[in-house]
Structure formats: structure tokens, C-alpha cells
>>> print(open('work-v3.csv').read())   # CSV, C-alpha atoms
chain,number,residue,atom,x,y,z
P,1228,MET,CA,49.9,90.2,65.0
P,1229,GLU,CA,46.6,88.5,64.5
P,1230,PHE,CA,43.7,90.9,64.0
P,1231,GLY,CA,41.1,90.1,66.6
P,1232,ASN,CA,37.6,91.4,67.0
P,1233,ARG,CA,38.1,93.1,70.4
P,1234,TYR,CA,38.8,96.4,68.6
P,1235,THR,CA,35.4,96.4,66.8
P,1236,SER,CA,33.3,94.3,69.1
P,1237,LYS,CA,30.1,96.0,70.3
P,1238,ALA,CA,30.0,94.0,73.5
P,1239,GLN,CA,33.6,94.9,74.3
P,1240,ALA,CA,32.9,98.5,73.4
P,1241,GLY,CA,30.0,98.4,75.9
P,1242,ALA,CA,32.3,97.0,78.6
P,1243,ARG,CA,34.9,99.6,77.8
P,1244,PHE,CA,32.3,102.4,78.1
P,1245,VAL,CA,31.5,101.2,81.6
P,1246,ALA,CA,35.2,101.0,82.5
P,1247,GLN,CA,36.1,104.3,81.0
P,1248,ARG,CA,33.1,106.5,81.9
P,1249,LEU,CA,32.0,104.9,85.2
P,1250,ILE,CA,35.4,103.9,86.7
P,1251,LEU,CA,38.4,105.5,85.1
P,1252,LYS,CA,37.1,109.0,84.4
P,1253,PRO,CA,35.5,109.6,87.8
P,1254,VAL,CA,38.7,108.5,89.5
P,1255,ILE,CA,41.0,110.7,87.4
P,1256,TRP,CA,38.6,113.7,87.5
P,1257,SER,CA,38.6,113.3,91.3
P,1258,LEU,CA,42.4,113.5,91.5
P,1259,VAL,CA,43.1,116.3,89.1
P,1260,HIS,CA,41.1,119.5,88.1
P,1261,VAL,CA,40.4,119.1,84.3
P,1262,ASN,CA,40.0,122.2,82.1
P,1263,ILE,CA,38.8,121.4,78.5
P,1264,THR,CA,38.9,123.7,75.5
P,1265,GLY,CA,37.6,123.3,72.0
P,1266,ARG,CA,35.7,120.1,72.3
P,1267,GLU,CA,33.0,121.4,70.0
P,1268,LYS,CA,35.5,121.4,67.1
P,1269,VAL,CA,35.4,117.6,66.8
P,1270,LYS,CA,31.6,117.2,66.7
P,1271,PRO,CA,31.5,117.0,62.8
P,1272,VAL,CA,34.0,114.1,62.8
P,1273,ARG,CA,32.6,110.8,61.5
P,1274,GLY,CA,34.3,107.5,60.8
P,1275,ALA,CA,38.0,106.7,61.4
P,1276,TYR,CA,40.4,109.4,62.5
P,1277,ILE,CA,43.7,109.7,64.3
P,1278,VAL,CA,44.2,111.7,67.5
P,1279,VAL,CA,47.7,113.2,67.8
P,1280,ALA,CA,48.8,114.7,71.1
P,1281,ASN,CA,51.9,115.6,73.0
P,1282,HIS,CA,52.9,113.0,75.6
P,1283,SER,CA,54.4,113.8,79.1
P,1284,SER,CA,52.5,111.6,81.6
P,1285,HIS,CA,50.6,108.3,82.1
P,1286,LEU,CA,47.6,110.6,82.7
P,1287,ASP,CA,47.6,111.7,79.0
P,1288,ALA,CA,45.5,108.8,77.6
P,1289,PRO,CA,42.9,108.8,80.4
P,1290,LEU,CA,42.6,112.6,80.0
P,1291,ILE,CA,42.1,112.4,76.3
P,1292,LEU,CA,39.6,109.5,76.4
P,1293,GLY,CA,37.6,111.2,79.2
P,1294,SER,CA,37.6,114.6,77.5
P,1295,MET,CA,36.3,113.3,74.1
P,1296,PRO,CA,32.6,112.9,73.3
P,1297,SER,CA,31.7,109.3,74.0
P,1298,ARG,CA,30.6,108.8,70.4
P,1299,LEU,CA,34.1,109.4,69.3
P,1300,SER,CA,35.9,107.5,72.1
P,1301,ARG,CA,33.8,104.4,71.9
P,1302,TYR,CA,36.1,102.4,69.6
P,1303,LEU,CA,39.2,104.6,70.0
P,1304,ALA,CA,42.4,102.4,70.1
P,1305,ALA,CA,45.4,103.8,71.9
P,1306,ALA,CA,49.0,103.0,70.9
P,1307,ALA,CA,50.8,101.6,73.9
P,1308,ALA,CA,54.5,100.6,74.4
P,1309,ALA,CA,54.7,96.8,73.9
P,1310,ASP,CA,57.7,96.5,76.3
P,1311,TYR,CA,55.8,98.1,79.2
P,1312,PHE,CA,52.0,97.8,78.8
P,1313,PHE,CA,52.0,94.3,77.2
P,1314,ASP,CA,54.8,92.7,79.2
P,1315,VAL,CA,52.7,91.0,81.9
P,1316,TRP,CA,49.2,89.6,81.6
P,1317,TRP,CA,47.4,91.8,84.1
P,1318,ARG,CA,48.7,95.0,82.7
P,1319,LYS,CA,48.0,93.8,79.2
P,1320,GLY,CA,44.4,93.0,80.2
P,1321,LEU,CA,43.8,96.3,82.0
P,1322,THR,CA,45.3,98.3,79.1
P,1323,ALA,CA,43.1,96.5,76.6
P,1324,LEU,CA,40.0,97.0,78.7
P,1325,PHE,CA,40.4,100.7,79.5
P,1326,PHE,CA,42.1,101.9,76.3
P,1327,ASN,CA,41.4,99.4,73.6
P,1328,ALA,CA,45.2,99.5,73.3
P,1329,PHE,CA,47.4,98.0,70.6
P,1330,PRO,CA,51.1,97.3,71.2
P,1331,VAL,CA,53.8,99.4,69.6
P,1332,ASP,CA,57.4,98.3,69.3
P,1333,ARG,CA,59.7,101.1,70.4
P,1334,SER,CA,62.9,99.4,69.5
P,1335,ALA,CA,65.3,100.8,67.0
P,1336,ASN,CA,64.7,97.9,64.7
P,1337,ALA,CA,60.9,98.0,64.8
P,1338,LYS,CA,59.1,97.6,61.5
P,1339,SER,CA,55.5,98.3,60.6
P,1340,ASN,CA,53.4,95.2,60.2
P,1341,GLY,CA,50.4,97.1,58.8
P,1342,PHE,CA,48.3,96.5,61.8
P,1343,THR,CA,47.3,100.2,62.3
P,1344,GLY,CA,46.2,100.3,58.7
P,1345,LYS,CA,44.0,97.3,59.2
P,1346,LEU,CA,42.4,99.0,62.2
P,1347,LEU,CA,41.7,102.1,60.2
P,1348,LYS,CA,40.2,100.1,57.4
P,1349,ARG,CA,37.8,98.5,59.9
P,1350,GLY,CA,36.8,102.0,61.0
P,1351,VAL,CA,38.7,102.0,64.3
P,1352,PRO,CA,40.1,105.4,65.2
P,1353,LEU,CA,43.6,105.7,66.7
P,1354,LEU,CA,45.3,107.6,69.5
P,1355,VAL,CA,48.9,108.2,68.7
P,1356,PHE,CA,51.7,110.0,70.6
P,1357,PRO,CA,54.1,110.9,67.8
P,1358,GLU,CA,57.0,111.9,70.1
P,1359,GLY,CA,57.5,108.2,70.7
P,1360,THR,CA,57.8,108.4,74.4
P,1361,ARG,CA,56.9,110.6,77.4
P,1362,SER,CA,58.7,113.9,77.8
P,1363,LYS,CA,60.8,114.2,80.9
P,1364,ASP,CA,60.1,117.9,81.5
P,1365,GLY,CA,56.9,118.7,79.6
P,1366,THR,CA,58.6,120.1,76.5
P,1367,ILE,CA,57.5,118.7,73.1
P,1368,ALA,CA,60.0,116.6,71.1
P,1369,PRO,CA,60.0,116.5,67.3
P,1370,PHE,CA,57.1,114.4,65.9
P,1371,LYS,CA,57.6,111.2,64.0
P,1372,ALA,CA,55.7,111.1,60.7
P,1373,GLY,CA,53.8,107.8,61.1
P,1374,ALA,CA,50.5,109.3,62.0
P,1375,ALA,CA,50.6,111.8,59.2
P,1376,ALA,CA,51.5,109.0,56.8
P,1377,LEU,CA,48.5,106.9,58.0
P,1378,CYS,CA,46.1,109.9,57.6
P,1379,ILE,CA,47.2,110.5,54.1
P,1380,LYS,CA,47.1,106.8,53.1
P,1381,ALA,CA,43.7,106.2,54.6
P,1382,GLY,CA,42.3,109.6,53.6
P,1383,ILE,CA,41.1,110.4,57.1
P,1384,PRO,CA,41.4,113.5,59.4
P,1385,CYS,CA,43.8,114.1,62.2
P,1386,ILE,CA,42.5,115.5,65.5
P,1387,PRO,CA,45.3,117.5,67.1
P,1388,MET,CA,45.3,117.8,70.9
P,1389,ALA,CA,47.5,119.3,73.5
P,1390,LEU,CA,47.9,118.6,77.2
P,1391,VAL,CA,49.4,120.9,79.8
P,1392,GLY,CA,49.9,120.2,83.5
P,1393,ALA,CA,50.0,116.4,83.3
P,1394,THR,CA,53.7,116.4,83.9
P,1395,GLU,CA,53.3,118.3,87.2
P,1396,ALA,CA,50.2,116.3,88.2
P,1397,MET,CA,51.9,112.9,87.6
P,1398,PRO,CA,55.6,113.1,86.7
P,1399,ARG,CA,57.7,110.2,85.7
P,1400,GLY,CA,58.4,107.8,88.5
P,1401,ARG,CA,55.0,108.2,90.1
P,1402,ASN,CA,52.2,105.6,89.9
P,1403,TRP,CA,49.5,108.0,91.2
P,1404,PRO,CA,48.9,111.8,90.8
P,1405,VAL,CA,50.2,114.2,93.4
P,1406,PRO,CA,47.8,115.2,96.1
P,1407,GLY,CA,45.7,118.4,95.9
P,1408,ARG,CA,43.9,118.0,92.6
P,1409,PRO,CA,46.5,119.9,90.5
P,1410,PRO,CA,45.1,121.6,87.3
P,1411,VAL,CA,45.5,119.9,83.9
P,1412,TYR,CA,44.5,121.4,80.6
P,1413,VAL,CA,43.2,119.5,77.6
P,1414,ALA,CA,42.8,121.4,74.2
P,1415,PHE,CA,41.1,120.2,71.0
P,1416,GLY,CA,42.2,121.7,67.7
P,1417,GLU,CA,40.3,121.8,64.4
P,1418,PRO,CA,40.5,118.5,62.6
P,1419,LEU,CA,43.3,118.6,59.9
P,1420,VAL,CA,43.1,116.9,56.5
P,1421,ALA,CA,46.1,116.7,54.2
P,1422,GLY,CA,45.8,119.0,51.2
P,1423,GLU,CA,46.1,117.9,47.6
P,1424,GLY,CA,49.8,117.3,46.9
P,1425,GLU,CA,50.8,117.8,50.5
P,1426,THR,CA,53.7,115.4,51.4
P,1427,VAL,CA,53.8,113.3,54.5
P,1428,GLU,CA,56.6,115.5,55.9
P,1429,GLN,CA,54.7,118.7,55.2
P,1430,PHE,CA,51.5,117.3,56.8
P,1431,ASN,CA,53.5,116.1,59.8
P,1432,GLN,CA,55.0,119.5,60.2
P,1433,ARG,CA,51.6,121.1,60.1
P,1434,ILE,CA,50.2,118.7,62.7
P,1435,GLU,CA,53.2,119.4,65.0
P,1436,LYS,CA,52.9,123.1,64.5
P,1437,THR,CA,49.2,123.0,65.5
P,1438,VAL,CA,49.8,120.9,68.6
P,1439,ARG,CA,52.6,123.2,69.7
P,1440,GLU,CA,50.4,126.3,69.2
P,1441,LEU,CA,47.6,124.6,71.2
P,1442,HIS,CA,50.2,123.8,73.9
P,1443,LEU,CA,51.4,127.4,74.1
P,1444,THR,CA,47.8,128.6,74.5
P,1445,GLN,CA,47.2,126.1,77.3
P,1446,LYS,CA,50.4,127.1,79.0
P,1447,ALA,CA,49.1,130.7,78.9
P,1448,LEU,CA,45.8,129.5,80.5
P,1449,GLN,CA,47.8,127.7,83.2
P,1450,ALA,CA,49.9,130.8,84.0
P,1451,ALA,CA,46.8,133.0,84.0
P,1452,ASP,CA,45.0,130.6,86.4
P,1453,ALA,CA,48.0,130.6,88.7
P,1454,GLY,CA,48.1,134.4,88.8
P,1455,THR,CA,45.3,136.4,87.3
P,1456,ASN,CA,41.8,135.9,85.9
P,1457,VAL,CA,42.0,133.6,82.9
P,1458,HIS,CA,39.7,135.8,80.8
P,1459,ASP,CA,42.0,138.8,81.3
P,1460,HIS,CA,45.0,137.1,79.8
P,1461,PRO,CA,45.9,138.6,76.4
P,1462,SER,CA,46.8,135.3,74.7
P,1463,VAL,CA,43.4,133.7,75.4
P,1464,GLY,CA,41.0,135.9,73.4
P,1465,SER,CA,38.0,134.1,72.2
P,1466,ALA,CA,39.4,130.7,73.2
P,1467,GLY,CA,38.8,131.5,76.8
P,1468,ALA,CA,35.1,131.5,76.1
P,1469,ASP,CA,35.3,127.8,75.0
P,1470,THR,CA,37.1,126.6,78.1
P,1471,ASP,CA,34.9,124.1,79.9
P,1472,THR,CA,36.3,123.7,83.5
P,1473,ASN,CA,33.0,122.2,84.7
P,1474,GLU,CA,32.5,119.9,81.7
P,1475,LYS,CA,28.9,121.1,81.1
P,1476,GLY,CA,27.2,118.8,78.7
P,1477,ALA,CA,30.0,116.3,78.7
P,1478,ALA,CA,29.2,112.8,77.6
>>> encode(input="work-v3.csv", output="C-alpha cells")
Amino acid sequence: MEFGNRYTSKAQAGARFVAQRLILKPVIWSLVHVNITGREKVKPVRGAYIVVANHSSHLDAPLILGSMPSRLSRYLAAAAAADYFFDVWWRKGLTALFFNAFPVDRSANAKSNGFTGKLLKRGVPLLVFPEGTRSKDGTIAPFKAGAAALCIKAGIPCIPMALVGATEAMPRGRNWPVPGRPPVYVAFGEPLVAGEGETVEQFNQRIEKTVRELHLTQKALQAADAGTNVHDHPSVGSAGADTDTNEKGAA
């Protein structure tokens, strides 16, 4: 794949900001009720990084991009399935405009061409869903180790994130969220950096464990919101104080 400048272009980043913040985000936020936890944890992040999250809905990427501080999402490039998002010109164009997306070959014989490494060297952060495909029921499948390997090789942090409620809001087979502004939950974890001597597999396991723990906490918030006051739920603790349902101060 030829490395173009759209991933690093300031002009295209400006157009993408308009598309994401003035079109995509207002539309998505009007269709689902977004609850965000832990965004302050990523404020110290500078330079390239990789966002790793569970994947259960086509809402996931818009929710992640809309929830992140604009400083961090400006050049964020999302991995997208080549056989779906890049199969026809109009979908390829929209995916590139809104998500700065790069194609990923999901076939069994797929081989790395080093393109993600080139992006990271140019300072372009990545959004990766290490399960490889959307979950059918919201449960988390085992993580593939590609993101962990890239983080170690490039010496960059991983930002773990978890999403809950996106499956119910826009399950497989739907092209639009269900009516009624269903609640969705987006959680940021503390940025993770591979320790000295930590292997790819060990780091991948730590990333997956963190995402699963974030996911469990958000499931508790979802259950609490459905039944009792969220701040009374025993699993919330101090995390409940960070939950930003109204996005105060959001960029």
C-alpha cells in the first residue's frame, strides 16, 4: 500500500475535525445517550499511541472518536475491514473522511505489510479492535497480539477503552441505532506501557485484562442505571465520580 499524506495532512485533519465534531458526533449523540468515564486519564498522552477497545457495534468507532479529547483524535487513524469499508468508492471515501481509516485484511492468509508501523513512525496514532471482528452478543473475544507488538516495537503507550451498550443500541444487521436514545457507556483506562522485559504475549494479556475490567465496571454502571442510583452501586466506588454523562468540558 502506498503511503499517502492524508493521514498526516493538516488540511485533511481540519476537514475531518468538521466532519467528526460538527456532523458525526452531534448525530450519534442525538441518537444514543453517552456516558463517559475516565477521560482525564489520557490528558498526559503526547505523540503516537494505540487505542485498544472491545468491538461489538458499528457505533464503536464514532463513540470512541467523539469521546476523546479533540487534541488526541485529530490524526487518529482507525483500522477498518478492507472487505467491507473499502469495497466500494463511496464507503471508502466516507470511511476515510470520518475516521482517517486504513484497510485491514481479515482473511486467514493476511500478512502484515508494515503500513501501521509507517503510520506510527509519522506520529499517527491508531485505533485497533484486537478481537478482529464485532462480537455478536457483546461478550469479549480473546485479543490478537498485533497492537501489543506495535506498542512494544514503537515504544508507545496503549490507551485501553471499553464500550458497553453499543450492541443493544445498534446490533448486527442494523444500519441505524434503535429508537429511544438507548444508553451507551464509554470508559478510558490508564495508558499502559510495556515493562522492561515484558513479552508481546504478556503485554497483550495485560491489555486484554484491563479492557475486560473496564467492561465489567461499565456493565455494573449499566445495571445500576437500569435499576438503582448509579452512585449507590458497590462496584462503582470512586469511578462513579468520574462519570461524565453530560460531557462537561468536552472538546
>>> atom_distance(input="work-v3.csv", atom1="atom CA of P:Leu1354", atom2="atom CA of P:Gly1407")
28.5 Å
>>> closest_residue(input="work-v3.csv", among="P:Ala1374, P:Ile1386, P:Leu1290, P:Ala1323", to="P:Ala1246", atoms="only C-alpha atoms")
P:Ala1323
>>> residues_around(input="work-v3.csv", residues="stretch 1265-1281 of chain P", least_positions_apart="2", cutoff="9 Å", atoms="only C-alpha atoms", output="ChimeraX atom specification")
/P:1263,1283,1287,1291,1294-1296,1299,1303,1346-1358,1361-1362,1365-1368,1370,1374-1375,1377-1378,1381,1383-1391,1413-1418,1434-1435,1438-1439,1442,1466,1469-1471
>>> atom_distance(input="work-v3.csv", atom1="atom CA of P:Tyr1302", atom2="atom CA of P:Leu1258")
25.3 Å
>>> atom_distance(input="work-v3.csv", atom1="atom CA of P:Gln1239", atom2="atom CA of P:Leu1419")
29.4 Å
>>> closest_residue(input="work-v3.csv", among="P:Ala1306, P:Ala1421, P:Val1411, P:Leu1441", to="P:Thr1394", atoms="all atoms listed in the file")
P:Val1411
>>> closest_residue(input="work-v3.csv", among="P:His1282, P:Pro1253, P:Ala1305, P:Arg1248", to="P:Pro1398", atoms="all atoms listed in the file")
P:His1282
>>> closest_residue(input="work-v3.csv", among="P:Lys1237, P:Pro1289, P:Asn1232, P:Gly1392", to="P:Lys1252", atoms="only C-alpha atoms")
P:Pro1289
>>> closest_residue(input="work-v3.csv", among="P:Gly1293, P:Pro1330, P:Pro1369, P:Gly1359", to="P:Val1245", atoms="all atoms listed in the file")
P:Gly1293
>>> residues_around(input="work-v3.csv", residues="P:Leu1324", least_positions_apart="4", cutoff="8 Å", atoms="all atoms listed in the file", output="PyMOL selection string")
chain P and resi 1242-1243+1246+1320+1328
>>> closest_residue(input="work-v3.csv", among="P:Arg1301, P:Ser1257, P:Asn1262, P:Ala1451", to="P:Tyr1234", atoms="only C-alpha atoms")
P:Arg1301
